[in-house]
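Reading through the structure tokens given below for one structure.
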Amino acid sequence: MSKPEIYGALANVQAYLQENPIAKDGENKFQKYKYRGIDQVYQTFSPALAKNKILTVLLEPKGEDRPLISADAEGKKTSTIIEGTLRLLSLEDGSFVDTAYIGQSTSSQGKDLQAARSFAYRDALIQFFCVPFDETVEPEQEENPPIGPDEQDEAFLKQFKEDLGSAKDEDGMKAIYDQWIQSTEASENNSLRNKLTGVYAEVIDND
């Protein structure tokens with residue numbers, strides 16, 4: 001019995017990524033962090049997948065639209081969480097490997113489903129292939145110790161609360177909330193977006 005072609009093809013893609021890591025070139029200047037953009041991931045993976053004759057297919061997508069706070073004259077902001085299976089299929093013999101994916105996005109313009117799909121696809125590829133960063137600096141080589149994700153989120157939330165406190169009215173607070181949510185759309189930090197929404201809801205209720 002011959003070995004399925006997909007395994008060798010995936011190994012080739014993994015080797016390619018080791019030589020062509022994806023740097024965090026995208027920059028969120030509002031919250032001062034960098035990220036790997038969707039287009040950047042597509043451009044890196046596309047030649048490797050094509051060369052090794054691998055087709056990617058999103059299977060059984062299941063989405064959930066949830067109304068969020070901040071209803072206004074133009075309607076409600078919605079958040080979509082989508083999950084399903086990403087199949088990496090060999091065009092040589094039809095063998096394949098499946099991996100789960102999940103994505104989340106928030107929008108007031110009805111674009112949350114499309115964005116959630118893109119984020120899910122990007123994150124699934126990055127996590128499945130353990131894509132390395134470019135020019136990674138080891139923690140012991142850094143001048144200052146790295147900040148953990150929880151500590152970083154707390155810093156963001158503190159700044160967010162201060163920004164809300166500077167608003168003159170609810171319209172001003174909503175504009176600040178929308179700006180923060182939009183600034184996190186391209187990031188991989190779904191937890192922070194949920195925390196921002198929770199803080200905003202609490203402030204509005206107590207106002």
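FYI, nothing fancy with the structure tokens labels: chains A, B, ... in order, residues from 1 per chain, ligands from 1 as they appear.
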
Need to verify the contact set: A:Val97, 7 Å, only C-alpha atoms, exclusion of same-chain residues closer than 2 positions in sequence. Can you return it as a ChimeraX atom specification? /A:87-89,99

If you count only C-alpha atoms, which residues fall within 8 Å of A:Val13, apart from same-chain ones fewer than 2 positions away, as a list of chain:residue names? A:Ala9, A:Leu10, A:Ala11, A:Ala15, A:Tyr16, A:Leu17, A:Ala48, A:Leu49, A:Asn52

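Around A:Gly103, within 9 Å and counting only C-alpha atoms, the residues found are Thr80, Ile81, Ile82, Glu83, Tyr101, Ser105, Ala115, Ala116, Arg117, Ser118, Phe119, Ala120, Tyr121, Asp123 and Asn190 of chain A, once anything fewer than 2 positions away on its own chain is removed.
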
Between A:Phe133, A:Tyr7, A:Phe96, A:Phe156, smallest distance to A:Val41 by only C-alpha atoms belongs to A:Phe133

Please report, as a list of chain:residue names, each residue of stretch 81-125 of chain A to which DSSP assigns strand (DSSP E) when run on this structure's backbone.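 Answer for stretch 81-125 of chain A restricted to strand (DSSP E) is A:Ile81, A:Ile82, A:Glu83, A:Gly84, A:Thr85, A:Leu86, A:Arg87, A:Leu88, A:Leu89, A:Ser90, A:Phe96, A:Val97, A:Asp98, A:Thr99, A:Ala100, A:Tyr101, A:Ile102, A:Gly103, A:Gln104, A:Ser105, A:Thr106, A:Ser107.
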
Only C-alpha atoms, please: the residues just picked out, written as a PDB file, in the first residue's frame.
```pdb
ATOM      1  CA  ILE A  81     -18.322  33.470  15.360  1.00  0.00           C
ATOM      2  CA  ILE A  82     -17.695  30.827  12.718  1.00  0.00           C
ATOM      3  CA  GLU A  83     -16.235  27.363  13.142  1.00  0.00           C
ATOM      4  CA  GLY A  84     -15.759  24.275  11.041  1.00  0.00           C
ATOM      5  CA  THR A  85     -13.094  22.145   9.357  1.00  0.00           C
ATOM      6  CA  LEU A  86     -10.239  23.098   7.033  1.00  0.00           C
ATOM      7  CA  ARG A  87      -9.345  20.230   4.673  1.00  0.00           C
ATOM      8  CA  LEU A  88      -5.915  20.084   3.038  1.00  0.00           C
ATOM      9  CA  LEU A  89      -6.440  17.870  -0.003  1.00  0.00           C
ATOM     10  CA  SER A  90      -3.761  16.352  -2.241  1.00  0.00           C
ATOM     11  CA  PHE A  96      -6.290  14.659   2.879  1.00  0.00           C
ATOM     12  CA  VAL A  97      -5.818  15.907   6.430  1.00  0.00           C
ATOM     13  CA  ASP A  98      -8.451  17.873   8.366  1.00  0.00           C
ATOM     14  CA  THR A  99      -7.981  20.512  11.052  1.00  0.00           C
ATOM     15  CA  ALA A 100     -10.533  22.550  12.999  1.00  0.00           C
ATOM     16  CA  TYR A 101     -10.848  26.307  12.550  1.00  0.00           C
ATOM     17  CA  ILE A 102     -12.631  29.128  14.364  1.00  0.00           C
ATOM     18  CA  GLY A 103     -12.883  32.838  13.627  1.00  0.00           C
ATOM     19  CA  GLN A 104     -14.617  35.877  15.062  1.00  0.00           C
ATOM     20  CA  SER A 105     -15.300  39.370  13.776  1.00  0.00           C
ATOM     21  CA  THR A 106     -17.427  42.392  14.688  1.00  0.00           C
ATOM     22  CA  SER A 107     -18.980  44.845  12.244  1.00  0.00           C
TER      23      SER A 107
END
```

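Each of A:Arg193, A:Asp163, A:Thr56, A:Gln14 was compared to A:Cys130 using only C-alpha atoms, and A:Gln14 turns out to be the nearest.
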
Record the distance separating atom CA of A:Leu58 and atom CA of A:Ile22, expressed in Å with one decimal. 22.3 Å

Option closest in space to A:Glu154, from A:Gln182, A:Glu60, A:Gln127, A:Val199 [counting only C-alpha atoms]: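 The shortest atom-to-atom distance to A:Glu154 comes from A:Val199.
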
Just checking: using only C-alpha atoms, which residue out of A:Leu192, A:Ile204, A:Ala23, A:Val57 ends up closest to A:Ile126?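 When distances to A:Ile126 are compared using only C-alpha atoms, the smallest one comes from A:Ala23.
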
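Residues surrounding A:Gly165 within 12 Å are Lys158, Gln159, Phe160, Lys161, Glu162, Lys168, Asp169, Glu170, Gly172, Met173, Lys174, Ile176, Tyr177, Val199, Tyr200, Val203, Ile204 and Asp207 of chain A [only C-alpha atoms; sequence separation below 3 positions excluded].
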